[in-house]
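Trainee: Structure incoming, see below.
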Amino acid sequence: MKPIEEYDLFKKAHGLNVRLIDKRKGVQAEERFLVSEALKYGTGVNIALIEGAYTGKGEFRPSLDRAFARAAGAKYFIGLLKETGLFEEEEGRALEDEAVGICKMISGLRNKIDQDIQDKE
């Protein structure tokens with residue numbers, strides 16, 4: 001199996017974090033705080049994936065639950081920034097769509113693992 005960092009899900013979540021870091025530059029304290037919260041949740045996705053991938057067999061599925069919760073949290077903060085006008089509509093929508101895409105990828109992976117487990121029973 002290749003390292004978790006080489007998978008599309010990890011790369012997509014990492015890319016979202018990079019864009020959020022770029023958004024922190026040169027903004028007011030209020031916006032910086034909310035972007036930092038979105039980034040905290042966004043980086044949590046990658047950390048959960050790393051923990052699950054490198055802790056051994058049987059630990060990856062629970063890590064996906066944590067990653068999903070973190071991705072949903074990032075989506076919430078991005079939506080909040082968009083709704084309050086701290087992110088421009090188009091940019092906020094693009095970032096929010098990325099977070100939703102990450103949630104969908106995690107859900108698909110969770111469903112596949114669950115199906116594989118059920119098929120073995």
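Residues in the structure tokens are named by chain (A, B, ... in the order shown) and by number from 1 within that chain; ligands are numbered from 1 in the order shown.
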Quick one: residues within 12 Å of Val100 of chain A, only C-alpha atoms counted, chain neighbours fewer than 2 positions away excluded, as an mmCIF file with C-alpha atoms, in the first residue's frame?
Mentor:
data_model
loop_
_atom_site.group_PDB
_atom_site.id
_atom_site.type_symbol
_atom_site.label_atom_id
_atom_site.label_comp_id
_atom_site.auth_asym_id
_atom_site.auth_seq_id
_atom_site.Cartn_x
_atom_site.Cartn_y
_atom_site.Cartn_z
ATOM 1 C CA LEU A 9 -8.274 12.368 -0.425
ATOM 2 C CA LYS A 12 -7.415 17.311 -1.657
ATOM 3 C CA ALA A 13 -7.628 18.029 2.092
ATOM 4 C CA LEU A 16 -7.809 23.086 1.049
ATOM 5 C CA GLY A 42 -9.092 21.159 7.885
ATOM 6 C CA PHE A 68 -15.352 13.302 8.408
ATOM 7 C CA ALA A 69 -16.249 15.281 11.534
ATOM 8 C CA ARG A 70 -13.252 17.543 10.978
ATOM 9 C CA ALA A 71 -14.129 18.090 7.298
ATOM 10 C CA ALA A 72 -17.705 18.974 8.285
ATOM 11 C CA GLY A 73 -16.319 21.448 10.837
ATOM 12 C CA ALA A 74 -14.137 23.080 8.189
ATOM 13 C CA LYS A 75 -17.174 23.328 5.911
ATOM 14 C CA TYR A 76 -19.126 25.009 8.698
ATOM 15 C CA ILE A 78 -16.053 28.323 5.592
ATOM 16 C CA GLY A 79 -19.830 28.692 5.254
ATOM 17 C CA ARG A 93 -18.567 28.745 -2.480
ATOM 18 C CA ALA A 94 -15.474 27.198 -4.093
ATOM 19 C CA LEU A 95 -13.877 26.479 -0.708
ATOM 20 C CA GLU A 96 -17.151 25.166 0.675
ATOM 21 C CA ASP A 97 -17.542 22.888 -2.356
ATOM 22 C CA GLU A 98 -14.037 21.561 -1.727
ATOM 23 C CA ILE A 102 -13.767 15.899 0.922
ATOM 24 C CA CYS A 103 -16.757 14.818 3.047
ATOM 25 C CA LYS A 104 -18.122 12.842 0.098
ATOM 26 C CA MET A 105 -14.770 11.153 -0.504
ATOM 27 C CA ILE A 106 -14.547 10.161 3.160
ATOM 28 C CA SER A 107 -18.143 8.881 3.120
#
Trainee: Please report, as a JSON list (two decimals) with C-alpha atoms, in the first residue's frame, each residue of chain A to which DSSP assigns helix (DSSP H, G or I) when run on this structure's backbone.
Mentor:
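Printed below is part.json as written:
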[["chain", "number", "residue", "atom", "x", "y", "z"],
["A", 4, "ILE", "CA", -1.52, 7.96, 2.82],
["A", 5, "GLU", "CA", 0.01, 11.23, 1.62],
["A", 6, "GLU", "CA", -0.13, 9.93, -1.97],
["A", 8, "ASP", "CA", -6.26, 11.88, -3.62],
["A", 9, "LEU", "CA", -8.27, 12.37, -0.42],
["A", 10, "PHE", "CA", -5.19, 13.43, 1.52],
["A", 11, "LYS", "CA", -3.99, 15.68, -1.31],
["A", 12, "LYS", "CA", -7.41, 17.31, -1.66],
["A", 13, "ALA", "CA", -7.63, 18.03, 2.09],
["A", 14, "HIS", "CA", -4.05, 19.32, 2.08],
["A", 15, "GLY", "CA", -4.84, 21.63, -0.84],
["A", 16, "LEU", "CA", -7.81, 23.09, 1.05],
["A", 17, "ASN", "CA", -5.53, 23.78, 4.02],
["A", 18, "VAL", "CA", -2.99, 25.55, 1.81],
["A", 19, "ARG", "CA", -5.73, 27.80, 0.41],
["A", 20, "LEU", "CA", -6.98, 28.56, 3.92],
["A", 21, "ILE", "CA", -3.46, 29.50, 5.03],
["A", 22, "ASP", "CA", -3.23, 31.84, 2.04],
["A", 23, "LYS", "CA", -6.53, 33.45, 3.14],
["A", 24, "ARG", "CA", -5.07, 34.26, 6.58],
["A", 29, "ALA", "CA", -8.20, 39.78, 13.32],
["A", 30, "GLU", "CA", -11.87, 38.74, 13.19],
["A", 31, "GLU", "CA", -11.51, 37.04, 9.82],
["A", 32, "ARG", "CA", -8.10, 35.59, 10.76],
["A", 33, "PHE", "CA", -9.64, 33.89, 13.81],
["A", 34, "LEU", "CA", -12.43, 32.25, 11.80],
["A", 35, "VAL", "CA", -10.06, 31.20, 9.02],
["A", 36, "SER", "CA", -7.78, 29.74, 11.70],
["A", 37, "GLU", "CA", -10.70, 27.71, 13.05],
["A", 38, "ALA", "CA", -11.51, 26.42, 9.56],
["A", 39, "LEU", "CA", -7.84, 25.56, 9.14],
["A", 40, "LYS", "CA", -7.75, 23.78, 12.51],
["A", 41, "TYR", "CA", -10.57, 21.54, 11.37],
["A", 42, "GLY", "CA", -9.09, 21.16, 7.89],
["A", 43, "THR", "CA", -5.71, 20.05, 9.19],
["A", 44, "GLY", "CA", -7.56, 17.68, 11.53],
["A", 45, "VAL", "CA", -8.72, 15.77, 8.45],
["A", 46, "ASN", "CA", -5.16, 15.06, 7.43],
["A", 47, "ILE", "CA", -4.04, 14.25, 10.96],
["A", 48, "ALA", "CA", -6.89, 11.74, 11.37],
["A", 49, "LEU", "CA", -5.92, 10.11, 8.06],
["A", 50, "ILE", "CA", -2.27, 9.92, 9.07],
["A", 51, "GLU", "CA", -3.12, 8.47, 12.48],
["A", 52, "GLY", "CA", -5.36, 5.86, 10.94],
["A", 53, "ALA", "CA", -2.90, 4.91, 8.24],
["A", 54, "TYR", "CA", 0.10, 4.55, 10.53],
["A", 60, "PHE", "CA", -8.38, 3.23, 9.85],
["A", 61, "ARG", "CA", -12.20, 3.12, 9.88],
["A", 62, "PRO", "CA", -12.57, 5.05, 13.19],
["A", 63, "SER", "CA", -10.04, 7.55, 11.85],
["A", 64, "LEU", "CA", -12.33, 8.17, 8.90],
["A", 65, "ASP", "CA", -15.14, 9.08, 11.30],
["A", 66, "ARG", "CA", -12.85, 11.65, 12.93],
["A", 67, "ALA", "CA", -11.72, 12.92, 9.52],
["A", 68, "PHE", "CA", -15.35, 13.30, 8.41],
["A", 69, "ALA", "CA", -16.25, 15.28, 11.53],
["A", 70, "ARG", "CA", -13.25, 17.54, 10.98],
["A", 71, "ALA", "CA", -14.13, 18.09, 7.30],
["A", 72, "ALA", "CA", -17.70, 18.97, 8.28],
["A", 73, "GLY", "CA", -16.32, 21.45, 10.84],
["A", 74, "ALA", "CA", -14.14, 23.08, 8.19],
["A", 75, "LYS", "CA", -17.17, 23.33, 5.91],
["A", 76, "TYR", "CA", -19.13, 25.01, 8.70],
["A", 77, "PHE", "CA", -16.51, 27.68, 9.31],
["A", 78, "ILE", "CA", -16.05, 28.32, 5.59],
["A", 79, "GLY", "CA", -19.83, 28.69, 5.25],
["A", 80, "LEU", "CA", -19.87, 31.07, 8.20],
["A", 81, "LEU", "CA", -17.14, 33.19, 6.62],
["A", 82, "LYS", "CA", -19.06, 33.24, 3.35],
["A", 83, "GLU", "CA", -22.42, 34.02, 4.97],
["A", 89, "GLU", "CA", -19.37, 34.65, -2.43],
["A", 90, "GLU", "CA", -17.56, 32.94, -5.31],
["A", 91, "GLU", "CA", -14.43, 32.17, -3.32],
["A", 92, "GLY", "CA", -16.42, 30.98, -0.30],
["A", 93, "ARG", "CA", -18.57, 28.74, -2.48],
["A", 94, "ALA", "CA", -15.47, 27.20, -4.09],
["A", 95, "LEU", "CA", -13.88, 26.48, -0.71],
["A", 96, "GLU", "CA", -17.15, 25.17, 0.67],
["A", 97, "ASP", "CA", -17.54, 22.89, -2.36],
["A", 98, "GLU", "CA", -14.04, 21.56, -1.73],
["A", 99, "ALA", "CA", -14.92, 20.74, 1.88],
["A", 100, "VAL", "CA", -18.13, 19.03, 0.75],
["A", 101, "GLY", "CA", -16.13, 17.05, -1.81],
["A", 102, "ILE", "CA", -13.77, 15.90, 0.92],
["A", 103, "CYS", "CA", -16.76, 14.82, 3.05],
["A", 104, "LYS", "CA", -18.12, 12.84, 0.10],
["A", 105, "MET", "CA", -14.77, 11.15, -0.50],
["A", 106, "ILE", "CA", -14.55, 10.16, 3.16],
["A", 107, "SER", "CA", -18.14, 8.88, 3.12],
["A", 108, "GLY", "CA", -17.44, 6.80, 0.04],
["A", 109, "LEU", "CA", -14.38, 5.29, 1.65],
["A", 110, "ARG", "CA", -16.26, 4.56, 4.88],
["A", 111, "ASN", "CA", -19.06, 2.89, 2.90],
["A", 112, "LYS", "CA", -16.55, 0.76, 0.99],
["A", 113, "ILE", "CA", -14.83, -0.38, 4.18],
["A", 114, "ASP", "CA", -18.19, -1.14, 5.79],
["A", 115, "GLN", "CA", -19.28, -3.12, 2.73],
["A", 116, "ASP", "CA", -16.00, -5.07, 2.68],
["A", 117, "ILE", "CA", -16.47, -5.95, 6.35],
["A", 118, "GLN", "CA", -20.08, -7.02, 5.74],
["A", 119, "ASP", "CA", -19.08, -9.14, 2.75],
["A", 120, "LYS", "CA", -16.53, -11.01, 4.88]]
